[in-house]
$ cat data_36.cif   # mmCIF, C-alpha atoms
data_run
loop_
_atom_site.label_atom_id
_atom_site.label_comp_id
_atom_site.auth_asym_id
_atom_site.auth_seq_id
_atom_site.Cartn_x
_atom_site.Cartn_y
_atom_site.Cartn_z
CA MET A 1 0.00 0.00 0.00
CA VAL A 2 1.29 3.44 -0.94
CA VAL A 3 1.83 6.03 1.80
CA VAL A 4 1.51 9.54 0.36
CA HIS A 5 3.82 12.17 1.87
CA GLU A 6 3.15 15.87 1.45
CA ASN A 7 5.45 18.80 2.04
CA ASN A 8 5.80 18.61 5.83
CA ALA A 9 6.48 22.35 5.99
CA LEU A 10 2.79 22.96 5.33
CA HIS A 11 -0.19 21.97 7.44
CA ARG A 12 -1.95 18.99 5.82
CA VAL A 13 -5.74 19.24 5.64
CA VAL A 14 -7.63 16.18 4.39
CA ILE A 15 -11.32 16.54 3.52
CA ILE A 16 -13.48 13.46 2.99
CA GLY A 17 -16.52 14.28 0.86
CA GLY A 18 -17.13 16.78 -1.94
CA GLY A 19 -20.65 17.82 -0.99
CA PHE A 20 -21.53 21.29 0.25
CA GLY A 21 -19.56 20.95 3.50
CA GLY A 22 -16.37 19.62 1.96
CA LEU A 23 -16.59 21.88 -1.07
CA TYR A 24 -16.92 25.11 0.90
CA THR A 25 -14.19 24.08 3.33
CA ALA A 26 -11.79 23.60 0.43
CA LYS A 27 -12.90 26.78 -1.34
CA THR A 28 -12.39 28.86 1.81
CA LEU A 29 -8.90 27.34 2.22
CA ALA A 30 -8.01 27.96 -1.44
CA LYS A 31 -5.52 30.74 -0.69
CA ALA A 32 -4.39 29.55 2.73
CA ASN A 33 -0.84 28.39 3.38
CA VAL A 34 -1.87 24.74 3.74
CA ASN A 35 -1.94 21.57 1.66
CA VAL A 36 -5.51 20.46 1.00
CA THR A 37 -6.48 16.97 -0.19
CA LEU A 38 -10.15 16.51 -1.11
CA ILE A 39 -11.22 12.86 -1.38
CA ASP A 40 -14.52 11.77 -2.89
CA LYS A 41 -15.74 8.57 -4.50
CA ARG A 42 -17.34 10.75 -7.21
CA ASN A 43 -15.43 13.14 -9.44
CA PHE A 44 -18.13 15.79 -9.22
CA HIS A 45 -20.03 17.94 -6.77
CA LEU A 46 -23.78 17.31 -6.95
CA PHE A 47 -26.28 20.11 -6.31
CA GLN A 48 -28.72 17.94 -4.39
CA PRO A 49 -31.54 20.52 -3.98
CA LEU A 50 -32.31 20.18 -7.71
CA LEU A 51 -32.01 16.41 -7.87
CA TYR A 52 -35.80 16.03 -7.93
CA GLN A 53 -35.85 17.94 -11.23
CA VAL A 54 -33.58 15.30 -12.75
CA ALA A 55 -35.93 12.63 -11.40
CA THR A 56 -38.91 14.28 -13.12
CA GLY A 57 -37.27 15.12 -16.45
CA THR A 58 -36.77 18.88 -16.17
CA LEU A 59 -32.96 18.81 -15.95
CA SER A 60 -30.24 16.36 -16.86
CA PRO A 61 -27.61 15.15 -14.35
CA ALA A 62 -24.89 17.28 -15.96
CA ASP A 63 -26.98 20.40 -15.39
CA ILE A 64 -26.61 20.11 -11.61
CA SER A 65 -23.13 18.62 -11.38
CA SER A 66 -19.71 20.29 -11.34
CA PRO A 67 -16.46 18.33 -11.87
CA LEU A 68 -14.37 18.77 -8.73
CA ARG A 69 -11.13 19.12 -10.66
CA ALA A 70 -12.65 21.94 -12.70
CA VAL A 71 -13.88 23.70 -9.56
CA PHE A 72 -10.38 23.64 -8.02
CA ARG A 73 -8.23 23.98 -11.15
CA LYS A 74 -7.00 27.41 -10.01
CA SER A 75 -6.51 26.37 -6.37
CA LYS A 76 -2.85 25.38 -6.46
CA ASN A 77 -2.85 24.18 -2.85
CA THR A 78 -5.73 21.76 -3.43
CA LYS A 79 -5.44 18.21 -4.71
CA VAL A 80 -8.51 16.14 -5.66
CA LEU A 81 -8.42 12.36 -5.25
CA LEU A 82 -11.01 9.96 -6.63
CA GLY A 83 -11.40 7.20 -4.08
CA GLU A 84 -13.36 5.79 -1.17
CA VAL A 85 -12.13 5.99 2.40
CA ASN A 86 -12.35 2.64 4.17
CA ASP A 87 -10.92 3.55 7.56
CA ILE A 88 -9.03 6.15 9.58
CA ASP A 89 -6.28 5.85 12.17
CA PRO A 90 -6.71 8.85 14.51
CA GLU A 91 -3.58 8.02 16.53
CA ALA A 92 -1.30 7.83 13.49
CA LYS A 93 -3.35 10.62 11.86
CA GLU A 94 -3.92 8.70 8.65
CA VAL A 95 -6.82 8.23 6.25
CA ILE A 96 -6.90 4.76 4.74
CA LEU A 97 -8.09 4.12 1.18
CA ARG A 98 -8.06 0.81 -0.63
CA ASP A 99 -4.73 1.47 -2.35
CA ARG A 100 -3.07 4.20 -0.31
CA ILE A 101 -2.71 5.93 3.03
CA ILE A 102 -3.03 9.71 3.30
CA PRO A 103 -1.48 11.42 6.36
CA TYR A 104 -3.20 14.48 7.82
CA ASP A 105 -2.74 17.15 10.43
CA THR A 106 -6.41 18.18 10.34
CA LEU A 107 -9.22 15.92 9.12
CA ILE A 108 -12.69 17.08 8.01
CA VAL A 109 -15.32 14.38 7.52
CA ALA A 110 -18.23 15.55 5.37
CA THR A 111 -19.65 12.34 3.92
CA GLY A 112 -23.33 13.24 4.30
CA ALA A 113 -26.25 10.97 5.02
CA ASN A 114 -28.29 8.18 3.46
CA HIS A 115 -31.96 7.35 3.61
CA SER A 116 -33.35 5.64 6.68
CA TYR A 117 -36.13 3.08 6.26
CA TYR A 118 -36.59 2.81 10.03
CA GLY A 119 -35.48 -0.80 10.23
CA HIS A 120 -37.23 -1.89 7.02
CA ASP A 121 -34.28 -2.03 4.66
CA ASN A 122 -36.18 -4.55 2.53
CA TRP A 123 -38.27 -1.58 1.35
CA ARG A 124 -35.24 0.11 -0.21
CA PRO A 125 -35.47 -1.52 -3.68
CA LEU A 126 -39.27 -1.13 -3.66
CA ALA A 127 -39.28 2.56 -2.71
CA PRO A 128 -36.07 4.29 -3.83
CA GLY A 129 -34.96 7.49 -2.17
CA LEU A 130 -33.33 10.53 -3.74
CA LYS A 131 -29.76 11.23 -2.64
CA ILE A 132 -27.46 10.59 -5.61
CA VAL A 133 -27.59 10.87 -9.40
CA GLU A 134 -28.27 7.16 -9.80
CA ASP A 135 -31.33 7.52 -7.54
CA ALA A 136 -32.68 10.32 -9.73
CA ILE A 137 -32.13 8.33 -12.93
CA GLU A 138 -33.82 5.27 -11.43
CA ILE A 139 -36.79 7.31 -10.22
CA ARG A 140 -37.05 8.97 -13.62
CA ARG A 141 -37.08 5.53 -15.24
CA ARG A 142 -39.84 4.33 -12.93
CA ILE A 143 -42.01 7.42 -13.39
CA PHE A 144 -41.94 7.49 -17.17
CA SER A 145 -42.05 3.70 -17.48
CA ALA A 146 -45.24 3.75 -15.43
CA PHE A 147 -47.02 5.92 -18.00
CA GLU A 148 -45.70 3.76 -20.84
CA ALA A 149 -46.90 0.59 -19.09
CA ALA A 150 -50.32 2.12 -18.43
CA GLU A 151 -50.62 2.98 -22.13
CA LYS A 152 -50.30 -0.72 -23.02
CA GLU A 153 -52.29 -2.14 -20.11
CA THR A 154 -55.79 -3.46 -20.93
CA ASP A 155 -56.77 -4.41 -17.37
CA PRO A 156 -58.40 -1.29 -15.80
CA GLU A 157 -57.33 -2.30 -12.31
CA LEU A 158 -53.68 -2.72 -13.25
CA ARG A 159 -53.81 0.48 -15.27
CA ARG A 160 -54.92 2.33 -12.14
CA ALA A 161 -51.97 0.83 -10.26
CA TRP A 162 -49.56 2.03 -12.94
CA LEU A 163 -51.07 5.52 -12.74
CA THR A 164 -50.81 5.66 -8.94
CA PHE A 165 -47.78 7.26 -7.33
CA VAL A 166 -47.11 7.12 -3.58
CA ILE A 167 -44.53 9.40 -1.98
CA VAL A 168 -43.56 8.75 1.63
CA GLY A 169 -42.44 11.86 3.48
CA ALA A 170 -43.61 15.46 3.06
CA GLY A 171 -40.45 17.42 3.70
CA PRO A 172 -39.07 19.61 0.89
CA THR A 173 -38.05 16.62 -1.28
CA GLY A 174 -41.42 14.88 -0.95
CA VAL A 175 -43.40 18.08 -1.58
CA GLU A 176 -41.29 19.03 -4.60
CA LEU A 177 -41.50 15.51 -6.06
CA ALA A 178 -45.28 15.44 -5.61
CA GLY A 179 -45.72 18.83 -7.26
CA ALA A 180 -43.45 17.93 -10.17
CA ILE A 181 -45.21 14.59 -10.84
CA SER A 182 -48.54 16.44 -10.73
CA GLU A 183 -47.36 18.87 -13.41
CA LEU A 184 -46.11 15.96 -15.50
CA ALA A 185 -49.36 14.05 -15.33
CA TYR A 186 -51.86 16.88 -15.65
CA LYS A 187 -50.02 19.25 -18.00
CA THR A 188 -46.83 18.01 -19.68
CA LEU A 189 -48.02 14.53 -20.71
CA ASN A 190 -51.74 15.11 -21.17
CA ASP A 191 -51.55 15.08 -25.01
CA ASP A 192 -48.76 12.52 -25.40
CA PHE A 193 -50.72 9.28 -25.02
CA ARG A 194 -53.65 7.78 -26.93
CA ASN A 195 -54.97 4.98 -24.72
CA ILE A 196 -54.81 6.64 -21.32
CA ASP A 197 -55.93 9.90 -19.81
CA THR A 198 -52.99 11.04 -17.68
CA SER A 199 -55.32 13.32 -15.70
CA GLU A 200 -56.57 10.12 -14.04
CA THR A 201 -53.20 9.84 -12.30
CA LYS A 202 -53.40 9.56 -8.51
CA ILE A 203 -50.62 11.03 -6.38
CA LEU A 204 -50.63 10.22 -2.68
CA LEU A 205 -48.26 12.08 -0.34
CA LEU A 206 -47.96 10.46 3.10
CA GLN A 207 -46.56 12.34 6.11
CA GLY A 208 -45.99 10.83 9.54
CA GLY A 209 -46.26 14.19 11.34
CA ASP A 210 -49.22 16.51 11.63
CA ARG A 211 -48.23 18.83 8.76
CA VAL A 212 -46.20 19.01 5.57
CA LEU A 213 -42.91 20.95 5.56
CA PRO A 214 -42.67 20.69 9.35
CA HIS A 215 -39.59 22.95 9.56
CA MET A 216 -41.57 25.87 8.14
CA ALA A 217 -44.03 28.19 9.86
CA PRO A 218 -47.44 26.52 10.39
CA GLN A 219 -49.23 28.98 8.09
CA LEU A 220 -46.85 28.12 5.23
CA SER A 221 -47.32 24.40 5.86
CA LYS A 222 -51.06 25.00 5.53
CA VAL A 223 -50.57 26.94 2.29
CA ALA A 224 -48.35 24.18 0.91
CA LYS A 225 -50.88 21.47 1.71
CA GLU A 226 -53.76 23.43 0.19
CA SER A 227 -51.69 24.16 -2.92
CA LEU A 228 -50.79 20.50 -3.32
CA GLN A 229 -54.46 19.55 -3.02
CA LYS A 230 -55.31 22.03 -5.80
CA LEU A 231 -52.64 20.41 -7.95
CA GLY A 232 -54.33 17.05 -7.48
CA VAL A 233 -52.02 15.65 -4.80
CA ASP A 234 -53.84 13.73 -2.08
CA THR A 235 -51.88 14.78 1.02
CA GLN A 236 -52.37 12.69 4.15
CA THR A 237 -50.80 13.69 7.49
CA ASN A 238 -50.52 11.71 10.73
CA THR A 239 -50.04 8.69 8.50
CA ARG A 240 -47.44 5.97 9.06
CA VAL A 241 -46.42 3.40 6.47
CA THR A 242 -46.43 -0.08 8.00
CA ASN A 243 -45.58 -2.26 4.99
CA ILE A 244 -44.55 -2.16 1.35
CA GLU A 245 -44.93 -5.43 -0.52
CA ASN A 246 -46.11 -6.71 -3.91
CA ASP A 247 -46.95 -3.20 -5.19
CA ILE A 248 -49.13 -2.57 -2.14
CA VAL A 249 -48.48 0.22 0.35
CA THR A 250 -50.04 -0.38 3.76
CA PHE A 251 -50.37 2.59 6.06
CA LYS A 252 -51.98 3.43 9.35
CA GLN A 253 -54.01 6.60 9.86
CA ASP A 254 -55.56 7.07 13.28
CA ASP A 255 -56.97 3.61 14.07
CA LYS A 256 -57.51 2.57 10.45
CA ILE A 257 -55.27 0.39 8.32
CA GLN A 258 -55.43 1.22 4.63
CA GLU A 259 -53.88 -0.23 1.50
CA ILE A 260 -53.28 1.23 -1.92
CA ALA A 261 -52.05 -0.48 -5.07
CA ALA A 262 -49.22 1.53 -6.61
CA LYS A 263 -46.52 0.52 -9.07
CA THR A 264 -44.38 3.58 -8.27
CA ILE A 265 -43.43 4.21 -4.64
CA LEU A 266 -40.87 6.87 -3.71
CA TRP A 267 -39.18 7.43 -0.36
CA ALA A 268 -38.55 10.93 1.02
CA ALA A 269 -38.69 10.23 4.76
CA GLY A 270 -35.89 9.85 7.25
CA VAL A 271 -32.11 10.03 7.02
CA LYS A 272 -29.22 8.28 8.71
CA GLY A 273 -25.55 9.16 8.83
CA SER A 274 -23.17 7.66 6.31
CA ALA A 275 -20.99 4.66 7.17
CA MET A 276 -18.13 6.97 8.17
CA GLY A 277 -20.08 7.81 11.32
CA GLN A 278 -19.67 4.24 12.55
CA VAL A 279 -16.00 4.23 11.51
CA LEU A 280 -15.42 7.33 13.64
CA ALA A 281 -17.34 5.80 16.54
CA ASN A 282 -15.25 2.63 16.39
CA ARG A 283 -11.94 4.44 16.06
CA THR A 284 -12.43 7.37 18.44
CA GLY A 285 -15.25 6.33 20.76
CA VAL A 286 -17.31 9.34 19.72
CA GLU A 287 -21.03 9.05 20.39
CA CYS A 288 -23.60 8.86 17.56
CA ASP A 289 -27.31 9.59 17.79
CA ARG A 290 -30.07 7.13 16.84
CA SER A 291 -29.74 8.16 13.20
CA GLY A 292 -26.02 7.45 13.11
CA ARG A 293 -25.06 11.13 13.10
CA VAL A 294 -21.89 11.99 15.00
CA ILE A 295 -22.31 14.14 18.11
CA VAL A 296 -19.96 17.11 17.64
CA GLU A 297 -18.53 19.71 20.01
CA PRO A 298 -19.42 23.43 19.82
CA ASP A 299 -16.49 24.00 17.41
CA LEU A 300 -17.57 21.04 15.22
CA THR A 301 -14.72 18.80 16.40
CA ILE A 302 -15.35 15.42 18.01
CA LYS A 303 -14.77 14.74 21.68
CA GLY A 304 -11.14 14.00 22.45
CA TYR A 305 -9.84 14.92 18.99
CA LYS A 306 -9.46 18.63 18.31
CA ASN A 307 -8.01 17.93 14.87
CA ILE A 308 -11.03 15.97 13.56
CA PHE A 309 -14.10 17.87 12.40
CA VAL A 310 -17.44 16.41 11.32
CA ILE A 311 -19.69 18.71 9.31
CA GLY A 312 -22.81 18.62 7.16
CA ASP A 313 -25.47 15.93 7.36
CA LEU A 314 -23.16 13.51 9.21
CA GLY A 315 -22.76 15.82 12.21
CA ASN A 316 -25.26 16.33 15.02
CA PHE A 317 -24.76 19.90 16.25
CA SER A 318 -27.20 20.60 19.11
CA HIS A 319 -25.44 23.44 20.91
CA GLN A 320 -27.51 26.31 19.57
CA ASP A 321 -31.05 25.63 20.76
CA GLY A 322 -30.86 22.06 21.99
CA LYS A 323 -32.06 20.58 18.70
CA PRO A 324 -29.86 19.18 15.90
CA LEU A 325 -29.40 21.48 12.94
CA PRO A 326 -31.34 20.35 9.86
CA GLY A 327 -29.59 18.43 7.11
CA VAL A 328 -29.75 21.17 4.49
CA ALA A 329 -27.19 22.76 2.19
CA PRO A 330 -26.89 26.14 4.03
CA VAL A 331 -25.92 24.36 7.25
CA ALA A 332 -23.15 22.38 5.52
CA LYS A 333 -21.95 25.48 3.67
CA GLN A 334 -21.68 27.61 6.81
CA GLU A 335 -20.04 24.79 8.76
CA GLY A 336 -17.45 24.31 6.01
CA GLU A 337 -16.61 28.00 5.94
CA TYR A 338 -16.37 28.10 9.74
CA VAL A 339 -13.99 25.13 9.92
CA ALA A 340 -11.74 26.62 7.24
CA LYS A 341 -11.56 29.94 9.11
CA LEU A 342 -10.86 28.15 12.38
CA ILE A 343 -8.00 26.19 10.80
CA LYS A 344 -6.45 29.43 9.55
CA LYS A 345 -6.85 31.02 12.99
CA ARG A 346 -5.27 28.02 14.73
CA LEU A 347 -2.21 28.24 12.48
CA LYS A 348 -1.72 31.75 13.88
CA GLY A 349 -2.15 30.55 17.44
CA GLN A 350 -5.66 32.01 17.65
CA THR A 351 -9.18 30.60 17.81
CA LEU A 352 -12.81 31.43 17.08
CA PRO A 353 -15.98 31.44 19.17
CA GLN A 354 -18.13 28.34 18.85
CA PHE A 355 -19.99 27.78 15.60
CA ARG A 356 -23.34 29.48 15.27
CA TYR A 357 -25.68 28.78 12.38
CA ASN A 358 -27.27 31.80 10.78
CA ASP A 359 -30.67 30.45 9.80
CA VAL A 360 -31.68 32.49 6.78
CA GLY A 361 -34.83 30.43 6.31
CA SER A 362 -36.18 27.59 4.21
CA LEU A 363 -38.05 27.29 0.96
CA ALA A 364 -39.79 24.73 -1.22
CA MET A 365 -41.10 24.64 -4.77
CA ILE A 366 -44.65 23.32 -5.14
CA GLY A 367 -45.39 23.92 -8.80
CA LYS A 368 -45.27 26.41 -11.63
CA ASN A 369 -45.55 29.96 -10.20
CA LEU A 370 -46.02 28.44 -6.77
CA ALA A 371 -43.61 28.09 -3.86
CA VAL A 372 -43.33 28.87 -0.14
CA VAL A 373 -40.47 30.78 1.48
CA ASP A 374 -39.93 31.08 5.22
CA LEU A 375 -37.29 33.69 6.03
CA SER A 376 -36.43 35.14 9.41
CA PHE A 377 -37.75 38.55 8.35
CA ILE A 378 -40.52 37.72 5.86
CA LYS A 379 -42.75 34.87 4.69
CA LEU A 380 -43.67 34.53 1.03
CA GLN A 381 -46.03 32.34 -0.94
CA GLY A 382 -47.17 32.02 -4.53
CA PHE A 383 -45.49 33.76 -7.46
CA LEU A 384 -43.08 35.98 -5.48
CA ALA A 385 -41.91 32.97 -3.48
CA TRP A 386 -41.44 31.05 -6.73
CA ILE A 387 -39.23 33.82 -8.18
CA PHE A 388 -37.24 33.93 -4.94
CA TRP A 389 -36.78 30.14 -5.05
CA LEU A 390 -35.44 30.35 -8.61
CA VAL A 391 -32.98 33.14 -7.79
CA VAL A 392 -31.64 31.40 -4.68
CA HIS A 393 -31.05 28.11 -6.44
CA ILE A 394 -29.32 29.76 -9.39
CA TYR A 395 -27.11 31.70 -6.97
CA PHE A 396 -25.94 28.57 -5.15
CA LEU A 397 -25.08 26.61 -8.28
CA ILE A 398 -21.30 26.32 -8.42
CA GLU A 399 -20.20 27.09 -11.98
CA PHE A 400 -21.26 29.98 -14.22
CA ASP A 401 -21.96 27.82 -17.27
CA THR A 402 -24.15 25.56 -15.11
CA LYS A 403 -26.16 28.59 -14.04
CA LEU A 404 -26.73 29.54 -17.68
CA LEU A 405 -27.77 26.01 -18.66
CA VAL A 406 -30.28 25.73 -15.83
CA VAL A 407 -31.77 29.19 -16.52
CA PHE A 408 -32.23 28.25 -20.18
CA GLN A 409 -33.82 24.89 -19.33
CA TRP A 410 -36.19 26.50 -16.86
CA ALA A 411 -37.17 29.25 -19.31
CA TRP A 412 -37.84 26.70 -22.05
CA ASN A 413 -39.87 24.50 -19.74
CA TYR A 414 -41.85 27.50 -18.49
CA LEU A 415 -42.77 28.60 -22.01
CA THR A 416 -43.45 25.20 -23.56
CA ARG A 417 -44.21 22.87 -20.60
CA SER A 418 -41.80 20.52 -22.31
CA ARG A 419 -39.32 18.45 -20.33
CA ARG A 420 -36.44 17.57 -22.58
CA SER A 421 -34.83 15.03 -20.24
CA ARG A 422 -37.65 12.48 -20.20
CA LEU A 423 -35.32 9.57 -20.89
CA ILE A 424 -36.00 6.00 -19.81
CA THR A 425 -32.52 4.57 -19.31
CA GLY A 426 -30.89 1.66 -17.53
CA ARG A 427 -30.69 -2.06 -18.10
CA GLU A 428 -34.20 -2.51 -16.70
CA ALA A 429 -35.63 -0.50 -19.59
CA PHE A 430 -34.77 -3.33 -21.98
CA GLU A 431 -36.70 -5.80 -19.82
CA GLU A 432 -39.78 -3.58 -19.54
CA THR A 433 -42.05 -5.78 -21.65
CA LYS A 434 -41.45 -8.74 -19.35
CA THR A 435 -42.11 -6.71 -16.20
CA VAL A 436 -45.21 -5.03 -17.62
CA THR A 437 -47.04 -8.04 -19.06
CA ASN A 438 -45.88 -11.02 -17.00
CA ASP A 439 -45.69 -12.09 -13.40
CA VAL A 440 -48.18 -9.57 -12.07
CA PRO A 441 -48.37 -10.07 -8.27
CA SER A 442 -51.60 -11.73 -7.22
CA THR A 443 -51.91 -9.26 -4.35
CA THR A 444 -52.37 -6.41 -6.84
CA LYS A 445 -55.23 -8.24 -8.57
CA LYS A 446 -57.02 -8.60 -5.25
CA VAL A 447 -57.25 -4.88 -4.71
CA GLN A 448 -60.68 -3.95 -6.06
CA GLU A 449 -60.59 -0.25 -5.27
CA THR A 450 -57.90 2.42 -5.12
CA TYR A 451 -58.17 2.44 -1.31
CA LYS A 452 -59.01 -0.61 0.73
CA VAL A 453 -59.84 0.06 4.38
CA GLY A 454 -59.45 -2.69 6.92
CA VAL A 455 -59.19 -3.14 10.67
#

$ encode --input "data_36.cif" --output "structure tokens"
Amino acid sequence: MVVVHENNALHRVVIIGGGFGGLYTAKTLAKANVNVTLIDKRNFHLFQPLLYQVATGTLSPADISSPLRAVFRKSKNTKVLLGEVNDIDPEAKEVILRDRIIPYDTLIVATGANHSYYGHDNWRPLAPGLKIVEDAIEIRRRIFSAFEAAEKETDPELRRAWLTFVIVGAGPTGVELAGAISELAYKTLNDDFRNIDTSETKILLLQGGDRVLPHMAPQLSKVAKESLQKLGVDTQTNTRVTNIENDIVTFKQDDKIQEIAAKTILWAAGVKGSAMGQVLANRTGVECDRSGRVIVEPDLTIKGYKNIFVIGDLGNFSHQDGKPLPGVAPVAKQEGEYVAKLIKKRLKGQTLPQFRYNDVGSLAMIGKNLAVVDLSFIKLQGFLAWIFWLVVHIYFLIEFDTKLLVVFQWAWNYLTRSRRSRLITGREAFEETKTVTNDVPSTTKKVQETYKVGV
């Protein structure tokens, strides 16, 4: 195994993860007198807030991705490595990859989070989540394949199942997915098929809590729910999914158990820390919460190791108001910038006050001309909120040419209602005929109505 040695005259900063946290740490250190090594198993930074638009055919993956080497081509102190970290040795201060060992003086772990299925990992292939590009492409395949399958289906009951979409979780991702699928079904695709009426599509959004967008002000949650209902999305709160099997979603609402036949089930509920959280726990003894997120100190280090920082979705920072910060891009961005500034201060023998998140607010797109924005100083809804949502997302895209591409795609979609990235790709696409016409689960045939209420 190769041991990589850097110029020992310079402080060695190793960053694991090229998401928002890792990216903004490296960017803030770009002109510092340190050696920076950024390690990621992907060669690009993904703008996750727009991933749902890839999943619903508005944008392509390249529109929301920036090659890491291109981002840092002018940062002479920054080296990008394509690889996956398997382990760390905090005593030797080494990061261990499959084929090499990277020494560090300061380590930043920003590997994000994965979806949590609350102990039902067997649901994962049946209800994919939306965290990476491959997730978006798979969801896009399932959505558009469902309409194609419904077009060929002669059994009315099975056709209804193909035209039924269930989304579990009504946070920003679930709400934005539901709104985008609604626009697809009721506007974009309504003239594209001959044997089906896409306006008969049923979209069910299930939320375990008592309101959608729970991190927003209650009045905006109410507006969002009412807007979704107007778009044709059946939004159910205080609803818990109890089983997913054979194209049947079983859920409990109050004291009633209900079932719905749906060929397309999407997961937007719950997160858990990446595997690096457990690696850190094993190697350093740091405590993790129930979701596998690492408990961090007020300066974002871990207990007992002042040279190891955990930021972004993997870190549980509860020192501001007693509650963990949400797993959103602004949190990771601010944490990355803070850590970079603290490193520069430490090299001068100085320090910084503890990290404090400046919560500028939250926002969610619901549909065309319709969004909700919850800022500390103002709350917006409707068209103005939609414009604000567009401007904010363009601003946070990394590269200038990416900003131009996304603006053009949005303008074209707005004027024509056309989604140019409606591609059905993947190996499964070639086996679609077999999956559409054969081996239909008997459970689906037993469902006589869209909803079946039991005890």

$ closest_residue --input "data_36.cif" --among "A:Gly285, A:Pro330, A:Gly209, A:Pro214" --to "Phe47 in chain A" --atoms "all atoms listed in the file"
A:Pro330

$ residues_near_point --input "data_36.cif" --point "(-17.2, 13.3, 22.0)" --cutoff "8 Å" --atoms "all atoms listed in the file" --output "list in words"
Gly285, Val286, Glu287, Ile295, Val296, Glu297, Ile302, Lys303 and Gly304 of chain A

$ residues_near_point --input "data_36.cif" --point "(-15.1, 28.3, 2.7)" --cutoff "8 Å" --atoms "only C-alpha atoms" --output "short mmCIF file (atom, residue, chain, number, x, y, z; two decimals) with C-alpha atoms, keeping the file's coordinate frame"
data_model
loop_
_atom_site.label_atom_id
_atom_site.label_comp_id
_atom_site.auth_asym_id
_atom_site.auth_seq_id
_atom_site.Cartn_x
_atom_site.Cartn_y
_atom_site.Cartn_z
CA LEU A 23 -16.59 21.88 -1.07
CA TYR A 24 -16.92 25.11 0.90
CA THR A 25 -14.19 24.08 3.33
CA ALA A 26 -11.79 23.60 0.43
CA LYS A 27 -12.90 26.78 -1.34
CA THR A 28 -12.39 28.86 1.81
CA LEU A 29 -8.90 27.34 2.22
CA LYS A 333 -21.95 25.48 3.67
CA GLN A 334 -21.68 27.61 6.81
CA GLY A 336 -17.45 24.31 6.01
CA GLU A 337 -16.61 28.00 5.94
CA TYR A 338 -16.37 28.10 9.74
CA VAL A 339 -13.99 25.13 9.92
CA ALA A 340 -11.74 26.62 7.24
CA LYS A 341 -11.56 29.94 9.11
#

$ closest_residue --input "data_36.cif" --among "A:Pro218, A:Gly322, A:Pro67, A:Gly292" --to "Thr402 in chain A" --atoms "only C-alpha atoms"
A:Pro67

$ closest_residue --input "data_36.cif" --among "A:Ala70, A:Ile311, A:Met365, A:Val271" --to "Gln53 in chain A" --atoms "only C-alpha atoms"
A:Met365

$ residues_around --input "data_36.cif" --residues "Ile96 in chain A" --least-positions-apart "6" --cutoff "12 Å" --atoms "all atoms listed in the file" --output "VMD selection string"
chain A and resid 1 to 4 14 16 39 83 to 90 102 to 104 276 279

$ resolve_selection --input "data_36.cif" --expression "the PyMOL selection byres ((chain A and resi 147) around 9)" --output "JSON list (two decimals) with C-alpha atoms, keeping the file's coordinate frame"
[["chain", "number", "residue", "atom", "x", "y", "z"],
["A", 142, "ARG", "CA", -39.84, 4.33, -12.93],
["A", 143, "ILE", "CA", -42.01, 7.42, -13.39],
["A", 144, "PHE", "CA", -41.94, 7.49, -17.17],
["A", 145, "SER", "CA", -42.05, 3.70, -17.48],
["A", 146, "ALA", "CA", -45.24, 3.75, -15.43],
["A", 148, "GLU", "CA", -45.70, 3.76, -20.84],
["A", 149, "ALA", "CA", -46.90, 0.59, -19.09],
["A", 150, "ALA", "CA", -50.32, 2.12, -18.43],
["A", 151, "GLU", "CA", -50.62, 2.98, -22.13],
["A", 152, "LYS", "CA", -50.30, -0.72, -23.02],
["A", 162, "TRP", "CA", -49.56, 2.03, -12.94],
["A", 163, "LEU", "CA", -51.07, 5.52, -12.74],
["A", 185, "ALA", "CA", -49.36, 14.05, -15.33],
["A", 193, "PHE", "CA", -50.72, 9.28, -25.02],
["A", 196, "ILE", "CA", -54.81, 6.64, -21.32],
["A", 198, "THR", "CA", -52.99, 11.04, -17.68]]

$ atom_distance --input "data_36.cif" --atom1 "CA of Ser60 in chain A" --atom2 "CA of Gln409 in chain A"
9.6 Å

$ resolve_selection --input "data_36.cif" --expression "the PyMOL selection byres ((chain A and resi 315) around 7)" --output "tab-separated table (two decimals) with C-alpha atoms, keeping the file's coordinate frame"
chain	number	residue	atom	x	y	z
A	293	ARG	CA	-25.06	11.13	13.10
A	294	VAL	CA	-21.89	11.99	15.00
A	295	ILE	CA	-22.31	14.14	18.11
A	296	VAL	CA	-19.96	17.11	17.64
A	310	VAL	CA	-17.44	16.41	11.32
A	311	ILE	CA	-19.69	18.71	9.31
A	312	GLY	CA	-22.81	18.62	7.16
A	313	ASP	CA	-25.47	15.93	7.36
A	314	LEU	CA	-23.16	13.51	9.21
A	316	ASN	CA	-25.26	16.33	15.02
A	317	PHE	CA	-24.76	19.90	16.25

$ resolve_selection --input "data_36.cif" --expression "the PyMOL selection byres ((chain A and resi 261) around 6)" --output "PyMOL selection string"
chain A and resi 161+247-248+260+262

$ closest_residue --input "data_36.cif" --among "A:Leu370, A:Leu38, A:Ile378, A:Ile424" --to "Ile108 in chain A" --atoms "all atoms listed in the file"
A:Leu38

$ residues_around --input "data_36.cif" --residues "range 355-358 of chain A" --least-positions-apart "2" --cutoff "10 Å" --atoms "only C-alpha atoms" --output "VMD selection string"
chain A and resid 297 to 300 317 319 to 320 325 330 to 332 334 to 335 338 to 339 342 352 to 353 360 to 361 376
